[in-house]
Amino acid sequence: MSKRASNATRRRVLCNGLLQVAAAAALGAGAVIFAAGVASAQAPVKGIPALESVDSAWLAFGVHWFDPPPGLGRGPIRQDPAHPFHGNLDGPGQVTPDIGYTKDPVLKPWAAKQMQESNDEVLSGKRGLPFVAQSTCHPGGVPGQLLTPAQPFYFIQTPKEVWMVWQTDHMVRRIYMTDQHSENVKPSWFGESIGHYEGDDTLVIDTVGLQANKSFLDWYRTPHSEKEHVIERFKLSADGRMLEAVVTVEDSDTFNEPLYMVQRWRKVKNQRLEMVCAENNGDHFGKNLFPIPQAGTPDF
């Protein structure tokens, strides 16, 4: 090999080596930038609880409301003691339906009557199962959507909006980070929610404009009117692994005093799985189930 060829070979090797070093440096820099971006997205911001996560969501502890803290006020509607509840987690035995206590003095007469009619349908065998929003592909309303079982939900937090996204049928509720409601609110499933943060651990949500058709507070089919006003206080635990909501429901057309109730969640790993509700909408066992809504005409 000539001296000129040898020098050219050395230059090519050196050039290739420099290119490899540069490429490695670029990849390393990109990795650092990406990691920094993820870290900044996960880093806590003072005054804003870190409710969202790129790989986790919130799973409810149960499908019934917990009692409020002592002294806050009266709690939620409970099971009728004449028909004790036996759930899947209560050991061997027949699972029983949710039968609300319609003699609760907090209920206005019309609400107690409507609940009793629903109870009678189930107890008489007319209905195999009572109406449940989440299992019939209806939105759960406010605050009933917070009792969604088995499937988690997660938050998306931006400066102007907070989204609550349920894995169940991809339900999305939007909270607008502003200080007042619109002048005219058209009733809807999730109403109009406005929110603000308190301290470093609490999101407060104020909701009005809730439609009342097939919308209930709980699995006892406790109804409400369009006057319903809901305040939720979502508080994050110190270690960030638990979430609790203290909920206040005011509705002078339905209740003789405000109701106070609590729901709790634990943080779980979540891969954002797809769950489509209306995949099997047949009443195969003849239980006279509440039908899943179906479109009368095609979308296209």
# chains A, B, ... in the order shown; residues from 1 in each chain; ligands from 1
>>> residues_around(residues="Glu274 of chain A", least_positions_apart="5", cutoff="10 Å", atoms="only C-alpha atoms", output="list in words")
Gln167, Thr168, Asp169 and His170 of chain A
>>> residues_around(residues="segment 248-250 of chain A", least_positions_apart="6", cutoff="7 Å", atoms="only C-alpha atoms", output="tab-separated table (two decimals) with N, CA and C atoms, in the first residue's frame")
chain	number	residue	atom	x	y	z
A	228	GLU	N	-79.61	20.64	41.36
A	228	GLU	CA	-78.48	20.05	42.08
A	228	GLU	C	-77.23	20.91	41.94
A	229	HIS	N	-76.56	21.09	43.08
A	229	HIS	CA	-75.30	21.84	43.13
A	229	HIS	C	-74.30	20.97	43.89
A	230	VAL	N	-73.18	20.65	43.26
A	230	VAL	CA	-72.21	19.72	43.83
A	230	VAL	C	-70.86	20.40	44.01
A	231	ILE	N	-70.27	20.23	45.18
A	231	ILE	CA	-68.91	20.70	45.46
A	231	ILE	C	-68.08	19.50	45.85
A	232	GLU	N	-66.96	19.30	45.14
A	232	GLU	CA	-66.05	18.19	45.42
A	232	GLU	C	-64.69	18.74	45.82
A	258	PRO	N	-78.45	19.24	52.95
A	258	PRO	CA	-77.34	18.77	52.10
A	258	PRO	C	-76.85	17.38	52.50
A	259	LEU	N	-76.35	16.65	51.53
A	259	LEU	CA	-75.73	15.35	51.77
A	259	LEU	C	-74.21	15.50	51.67
A	260	TYR	N	-73.50	14.79	52.56
A	260	TYR	CA	-72.04	14.78	52.54
A	260	TYR	C	-71.58	13.33	52.39
A	261	MET	N	-70.66	13.11	51.47
A	261	MET	CA	-70.21	11.75	51.20
A	261	MET	C	-68.74	11.77	50.78
>>> residues_around(residues="Arg221 of chain A", least_positions_apart="5", cutoff="8 Å", atoms="only C-alpha atoms", output="PyMOL selection string")
chain A and resi 100+115+118+131-132+216
>>> write_last_selection(atoms="N, CA and C atoms", output="mmCIF file, in the first residue's frame")
data_model
loop_
_atom_site.group_PDB
_atom_site.id
_atom_site.type_symbol
_atom_site.label_atom_id
_atom_site.label_comp_id
_atom_site.auth_asym_id
_atom_site.auth_seq_id
_atom_site.Cartn_x
_atom_site.Cartn_y
_atom_site.Cartn_z
ATOM 1 N N GLY A 100 -82.113 0.884 48.130
ATOM 2 C CA GLY A 100 -81.966 2.073 48.960
ATOM 3 C C GLY A 100 -83.048 2.202 50.012
ATOM 4 N N MET A 115 -87.686 6.111 44.107
ATOM 5 C CA MET A 115 -86.743 5.077 44.529
ATOM 6 C C MET A 115 -87.468 3.792 44.905
ATOM 7 N N SER A 118 -88.479 1.792 41.918
ATOM 8 C CA SER A 118 -87.332 1.064 41.378
ATOM 9 C C SER A 118 -87.027 -0.176 42.220
ATOM 10 N N PHE A 131 -81.353 -0.385 37.485
ATOM 11 C CA PHE A 131 -80.618 0.470 36.567
ATOM 12 C C PHE A 131 -79.266 0.853 37.174
ATOM 13 N N VAL A 132 -78.204 0.684 36.390
ATOM 14 C CA VAL A 132 -76.862 1.140 36.759
ATOM 15 C C VAL A 132 -76.287 1.845 35.542
ATOM 16 N N PHE A 216 -78.218 9.579 38.674
ATOM 17 C CA PHE A 216 -78.412 9.265 40.088
ATOM 18 C C PHE A 216 -77.128 9.499 40.882
#
>>> atom_distance(atom1="atom CA of Arg78 of chain A", atom2="atom CA of Asp120 of chain A")
16.6 Å
>>> atom_distance(atom1="atom CA of Pro97 of chain A", atom2="atom CA of Ile77 of chain A")
14.9 Å
>>> closest_atom_pairs(of="segment 50-75 of chain A", to="segment 142-146 of chain A", cutoff="12 Å", atoms="only C-alpha atoms", output="tab-separated table")
residue	atom	partner	partner_atom	distance
A:Trp58	CA	A:Leu146	CA	10.6
A:Leu59	CA	A:Leu146	CA	10.1
A:Ala60	CA	A:Leu146	CA	8.0
A:Phe61	CA	A:Leu146	CA	10.7
A:Gly62	CA	A:Leu146	CA	10.0
A:Val63	CA	A:Leu146	CA	8.6
A:His64	CA	A:Leu146	CA	9.7
A:Trp65	CA	A:Leu146	CA	9.3
A:Phe66	CA	A:Leu146	CA	11.9
>>> write_last_selection(atoms="N, CA and C atoms", output="short mmCIF file (atom, residue, chain, number, x, y, z; two decimals), in the first residue's frame")
data_model
loop_
_atom_site.label_atom_id
_atom_site.label_comp_id
_atom_site.auth_asym_id
_atom_site.auth_seq_id
_atom_site.Cartn_x
_atom_site.Cartn_y
_atom_site.Cartn_z
N TRP A 58 -56.16 6.22 38.89
CA TRP A 58 -56.78 6.12 40.20
C TRP A 58 -57.89 5.08 40.17
N LEU A 59 -57.83 4.11 41.09
CA LEU A 59 -58.81 3.02 41.16
C LEU A 59 -59.60 3.13 42.46
N ALA A 60 -60.93 3.12 42.34
CA ALA A 60 -61.81 3.32 43.49
C ALA A 60 -61.72 2.16 44.47
N PHE A 61 -61.88 2.47 45.76
CA PHE A 61 -61.87 1.46 46.81
C PHE A 61 -63.18 0.68 46.87
N GLY A 62 -64.25 1.25 46.38
CA GLY A 62 -65.53 0.55 46.43
C GLY A 62 -66.57 1.29 45.62
N VAL A 63 -67.78 0.72 45.57
CA VAL A 63 -68.85 1.29 44.74
C VAL A 63 -69.89 2.04 45.56
N HIS A 64 -69.69 2.12 46.87
CA HIS A 64 -70.62 2.85 47.72
C HIS A 64 -69.88 3.99 48.44
N TRP A 65 -70.63 5.04 48.73
CA TRP A 65 -70.03 6.20 49.39
C TRP A 65 -69.60 5.85 50.82
N PHE A 66 -68.48 6.40 51.23
CA PHE A 66 -68.05 6.34 52.62
C PHE A 66 -68.71 7.49 53.38
#
>>> select_by_dssp(residues="segment 107-276 of chain A", states="strand (DSSP E)", output="count of residues only")
58
>>> closest_residue(among="A:Ser215, A:Ser252, A:Gln79, A:Thr102", to="Ala133 of chain A", atoms="only C-alpha atoms")
A:Ser215
>>> closest_residue(among="A:Gly191, A:Pro159, A:Pro105, A:Gly240", to="Pro49 of chain A", atoms="only C-alpha atoms")
A:Gly240
>>> closest_residue(among="A:Phe234, A:Trp189, A:Phe300, A:Trp219", to="Val204 of chain A", atoms="only C-alpha atoms")
A:Phe234
>>> closest_residue(among="A:Lys46, A:Lys267, A:Lys108, A:Lys287", to="Ser225 of chain A", atoms="only C-alpha atoms")
A:Lys108
>>> closest_residue(among="A:Ser237, A:Thr222, A:Gln134, A:Gln157", to="Ile99 of chain A", atoms="only C-alpha atoms")
A:Thr222
>>> select_by_dssp(residues="segment 110-290 of chain A", states="alpha helix (DSSP H)", output="PyMOL selection string")
chain A and resi 110-123
